[in-house]
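Structure first, then comments.
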Amino acid sequence: VILLAILVLASSFLMKGDFVKDTFTVSASESQVLWFAKKVTGAHNGSVTLKSGTLEFQKQTLVGGKFVIDMTSIKVLDLEADSKPNKSLTGHLKSPDFFDVEKHTTAELK
């Protein structure tokens, strides 16, 4: 499976401190992290929960940021929730041969 894209949709940003600062905190409760993966025999998509995130601006230019993802929350959305294929794929994604979620409960995107 080749991971093609991670889409971060942050619909609300809360300012940290006053208007002079250039670091913004992403509202995790109002944001989504969606994933899409493709393999020779098909594709899947799903979501993971955003634990926290910040965006750094210099004037009006985005210059950095950090997102912390809760990998234990990984879900497959294109297969029926309680189906055997969904459980199998979710288990595979959490296993040591993929994300090894037991050892790596969070992922950071910088």
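Residues in the structure tokens are named by chain (A, B, ... in the order shown) and by number from 1 within that chain; ligands are numbered from 1 in the order shown.
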### Task
From a DSSP calculation on the backbone, collect every residue of chain A in helix (DSSP H, G or I) and output the set as a PyMOL selection string.
chain A and resi 28-30+84-94
Limited to C-alpha atoms, could you put the picked residues into a file as a PDB file, in the first residue's frame?
ATOM      1  CA  ALA A  28      -8.382  19.984  17.027  1.00  0.00           C
ATOM      2  CA  SER A  29     -12.101  19.568  17.694  1.00  0.00           C
ATOM      3  CA  GLU A  30     -12.986  21.503  14.539  1.00  0.00           C
ATOM      4  CA  LYS A  84     -14.154  -8.309   8.628  1.00  0.00           C
ATOM      5  CA  PRO A  85     -12.277  -6.476   5.805  1.00  0.00           C
ATOM      6  CA  ASN A  86     -12.365  -3.217   7.816  1.00  0.00           C
ATOM      7  CA  LYS A  87     -11.073  -4.904  10.963  1.00  0.00           C
ATOM      8  CA  SER A  88      -8.391  -6.681   8.957  1.00  0.00           C
ATOM      9  CA  LEU A  89      -7.141  -3.506   7.248  1.00  0.00           C
ATOM     10  CA  THR A  90      -7.272  -1.479  10.475  1.00  0.00           C
ATOM     11  CA  GLY A  91      -5.315  -4.226  12.248  1.00  0.00           C
ATOM     12  CA  HIS A  92      -2.765  -4.284   9.422  1.00  0.00           C
ATOM     13  CA  LEU A  93      -2.302  -0.492   9.567  1.00  0.00           C
ATOM     14  CA  LYS A  94      -1.788  -0.632  13.354  1.00  0.00           C
TER      15      LYS A  94
END
### Message
Can you tell me which residues surround Gly46 (chain A) at a distance of at most 6 Å, considering only C-alpha atoms, apart from same-chain residues fewer than 4 positions away, and format the answer as a ChimeraX atom specification?
### Response
/A:34-35,75-77
### Task
Find the spatial neighbours of Asp22 (chain A), counting only C-alpha atoms, within a cut-off of 7 Å - ignore same-chain residues fewer than 2 positions away - and output them as an MDAnalysis selection string.
chainID A and resid 20 24 56:58
I need the residues from that last selection saved to file as a tab-separated table (two decimals), in the first residue's frame (with all heavy atoms), if you can.
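Output file part_2.tsv follows:
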chain	number	residue	atom	x	y	z
A	20	VAL	N	0.12	40.32	18.23
A	20	VAL	CA	1.49	40.53	17.81
A	20	VAL	C	2.19	39.20	17.52
A	20	VAL	O	3.08	39.14	16.71
A	20	VAL	CB	2.29	41.28	18.90
A	20	VAL	CG1	3.54	41.90	18.32
A	20	VAL	CG2	1.45	42.34	19.58
A	24	PHE	N	-0.19	30.24	15.77
A	24	PHE	CA	-1.62	29.99	15.91
A	24	PHE	C	-1.84	28.53	16.30
A	24	PHE	O	-1.16	27.64	15.80
A	24	PHE	CB	-2.35	30.28	14.61
A	24	PHE	CG	-2.28	31.71	14.20
A	24	PHE	CD1	-1.20	32.20	13.50
A	24	PHE	CD2	-3.31	32.58	14.52
A	24	PHE	CE1	-1.13	33.53	13.12
A	24	PHE	CE2	-3.25	33.91	14.16
A	24	PHE	CZ	-2.15	34.39	13.45
A	56	GLU	N	2.89	28.48	12.19
A	56	GLU	CA	3.74	29.62	12.46
A	56	GLU	C	3.81	30.51	11.23
A	56	GLU	O	4.05	30.03	10.13
A	56	GLU	CB	5.15	29.15	12.84
A	56	GLU	CG	5.16	28.31	14.09
A	56	GLU	CD	6.52	27.67	14.35
A	56	GLU	OE1	7.49	27.98	13.63
A	56	GLU	OE2	6.60	26.86	15.27
A	57	PHE	N	3.57	31.80	11.45
A	57	PHE	CA	3.59	32.77	10.36
A	57	PHE	C	4.64	33.83	10.64
A	57	PHE	O	4.86	34.22	11.77
A	57	PHE	CB	2.23	33.46	10.23
A	57	PHE	CG	1.17	32.57	9.67
A	57	PHE	CD1	0.42	31.74	10.48
A	57	PHE	CD2	0.92	32.57	8.30
A	57	PHE	CE1	-0.56	30.92	9.95
A	57	PHE	CE2	-0.05	31.76	7.76
A	57	PHE	CZ	-0.80	30.92	8.59
A	58	GLN	N	5.27	34.28	9.58
A	58	GLN	CA	6.15	35.44	9.64
A	58	GLN	C	5.48	36.46	8.71
A	58	GLN	O	5.42	36.25	7.51
A	58	GLN	CB	7.54	35.07	9.13
A	58	GLN	CG	8.60	36.03	9.49
A	58	GLN	CD	9.96	35.42	9.20
A	58	GLN	OE1	10.23	35.01	8.08
A	58	GLN	NE2	10.80	35.34	10.22
### Task
For Val101 (chain A), work out the shell of residues within 8 Å, counting only C-alpha atoms and skipping chain neighbours fewer than 6 positions away, then give it as a ChimeraX atom specification.
/A:71-72,94-95
Would you mind exporting all heavy atoms of the selected residues as an mmCIF file, in the first residue's frame?
data_model
loop_
_atom_site.group_PDB
_atom_site.id
_atom_site.type_symbol
_atom_site.label_atom_id
_atom_site.label_comp_id
_atom_site.auth_asym_id
_atom_site.auth_seq_id
_atom_site.Cartn_x
_atom_site.Cartn_y
_atom_site.Cartn_z
ATOM 1 N N MET A 71 -2.442 8.143 16.453
ATOM 2 C CA MET A 71 -2.437 6.991 15.555
ATOM 3 C C MET A 71 -3.339 5.861 16.037
ATOM 4 O O MET A 71 -3.754 5.016 15.243
ATOM 5 C CB MET A 71 -1.007 6.487 15.354
ATOM 6 C CG MET A 71 -0.121 7.465 14.617
ATOM 7 S SD MET A 71 -0.791 8.011 13.022
ATOM 8 C CE MET A 71 -0.759 6.474 12.106
ATOM 9 N N THR A 72 -3.664 5.824 17.315
ATOM 10 C CA THR A 72 -4.576 4.792 17.817
ATOM 11 C C THR A 72 -5.987 4.996 17.284
ATOM 12 O O THR A 72 -6.812 4.095 17.346
ATOM 13 C CB THR A 72 -4.613 4.760 19.358
ATOM 14 O OG1 THR A 72 -5.183 5.976 19.846
ATOM 15 C CG2 THR A 72 -3.224 4.556 19.943
ATOM 16 N N LYS A 94 -2.293 -0.819 11.985
ATOM 17 C CA LYS A 94 -1.788 -0.632 13.354
ATOM 18 C C LYS A 94 -0.636 -1.572 13.692
ATOM 19 O O LYS A 94 0.057 -1.366 14.690
ATOM 20 C CB LYS A 94 -2.923 -0.832 14.363
ATOM 21 C CG LYS A 94 -3.951 0.287 14.342
ATOM 22 C CD LYS A 94 -5.017 0.066 15.396
ATOM 23 C CE LYS A 94 -5.970 1.243 15.470
ATOM 24 N NZ LYS A 94 -6.965 1.061 16.557
ATOM 25 N N SER A 95 -0.408 -2.591 12.873
ATOM 26 C CA SER A 95 0.578 -3.630 13.179
ATOM 27 C C SER A 95 2.015 -3.144 12.990
ATOM 28 O O SER A 95 2.264 -2.112 12.361
ATOM 29 C CB SER A 95 0.336 -4.851 12.283
ATOM 30 O OG SER A 95 0.778 -4.579 10.963
#
### Query
Among chain A, which residues carry a DSSP assignment of strand (DSSP E or B), reported as a ChimeraX atom specification?
/A:2-10,13-15,23-26,31-39,42-58,61-76,106-109
### Within 8 Å of Ser52 (chain A) using only C-alpha atoms, minus same-chain residues under 6 positions, as a list in words
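That gives Thr25, Val26, Ser27, Ala28, Phe67, Val68 and Ile69 of chain A.
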Just to be explicit: take each residue in the selection above, keep N, CA, C and O atoms, and write the result as a CSV table (one decimal), in the first residue's frame.
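So the final result, stored in result16.csv, reads:
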chain,number,residue,atom,x,y,z
A,25,THR,N,-2.8,28.3,17.2
A,25,THR,CA,-3.1,27.0,17.6
A,25,THR,C,-4.3,26.5,16.8
A,25,THR,O,-5.3,27.2,16.7
A,26,VAL,N,-4.2,25.3,16.2
A,26,VAL,CA,-5.3,24.7,15.4
A,26,VAL,C,-6.3,24.1,16.4
A,26,VAL,O,-6.0,23.5,17.4
A,27,SER,N,-7.6,24.4,16.1
A,27,SER,CA,-8.6,23.8,16.9
A,27,SER,C,-8.8,22.3,16.5
A,27,SER,O,-9.4,22.0,15.5
A,28,ALA,N,-8.3,21.4,17.3
A,28,ALA,CA,-8.4,20.0,17.0
A,28,ALA,C,-9.8,19.5,16.9
A,28,ALA,O,-10.1,18.7,16.1
A,67,PHE,N,1.9,19.3,13.7
A,67,PHE,CA,0.6,18.6,14.0
A,67,PHE,C,0.9,17.3,14.7
A,67,PHE,O,1.9,16.6,14.3
A,68,VAL,N,0.2,17.0,15.7
A,68,VAL,CA,0.4,15.7,16.4
A,68,VAL,C,-0.9,14.9,16.2
A,68,VAL,O,-2.0,15.4,16.5
A,69,ILE,N,-0.7,13.7,15.6
A,69,ILE,CA,-1.8,12.8,15.2
A,69,ILE,C,-1.9,11.6,16.2
A,69,ILE,O,-0.9,11.0,16.5
### Message
Counting only C-alpha atoms, which residue out of A:Lys38, A:Lys51, A:His44, A:Lys59 sits closest to Thr23 (chain A)?
### Response
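Using only C-alpha atoms, the shortest distance to Thr23 (chain A) belongs to A:Lys59.
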### Query
Could you work out how far CA of Gln60 (chain A) lies from CA of Val48 (chain A), giving the answer in Å with one decimal?
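So the two atoms, CA of Val48 (chain A) and CA of Gln60 (chain A), lie 28.8 Å apart.
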### Task
Between A:Ala107, A:Asp100, A:Leu62, A:Val33, single out the one closest to Asn45 (chain A), counting only C-alpha atoms.
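Looking only at the distances to Asn45 (chain A), the closest residue turns out to be A:Val33.
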### Message
For a quick check of understanding, using only C-alpha atoms, which of A:Leu50, A:Val63, A:Leu109, A:Ala37 has the smallest distance to Asp78 (chain A)?
### Response
A:Ala37
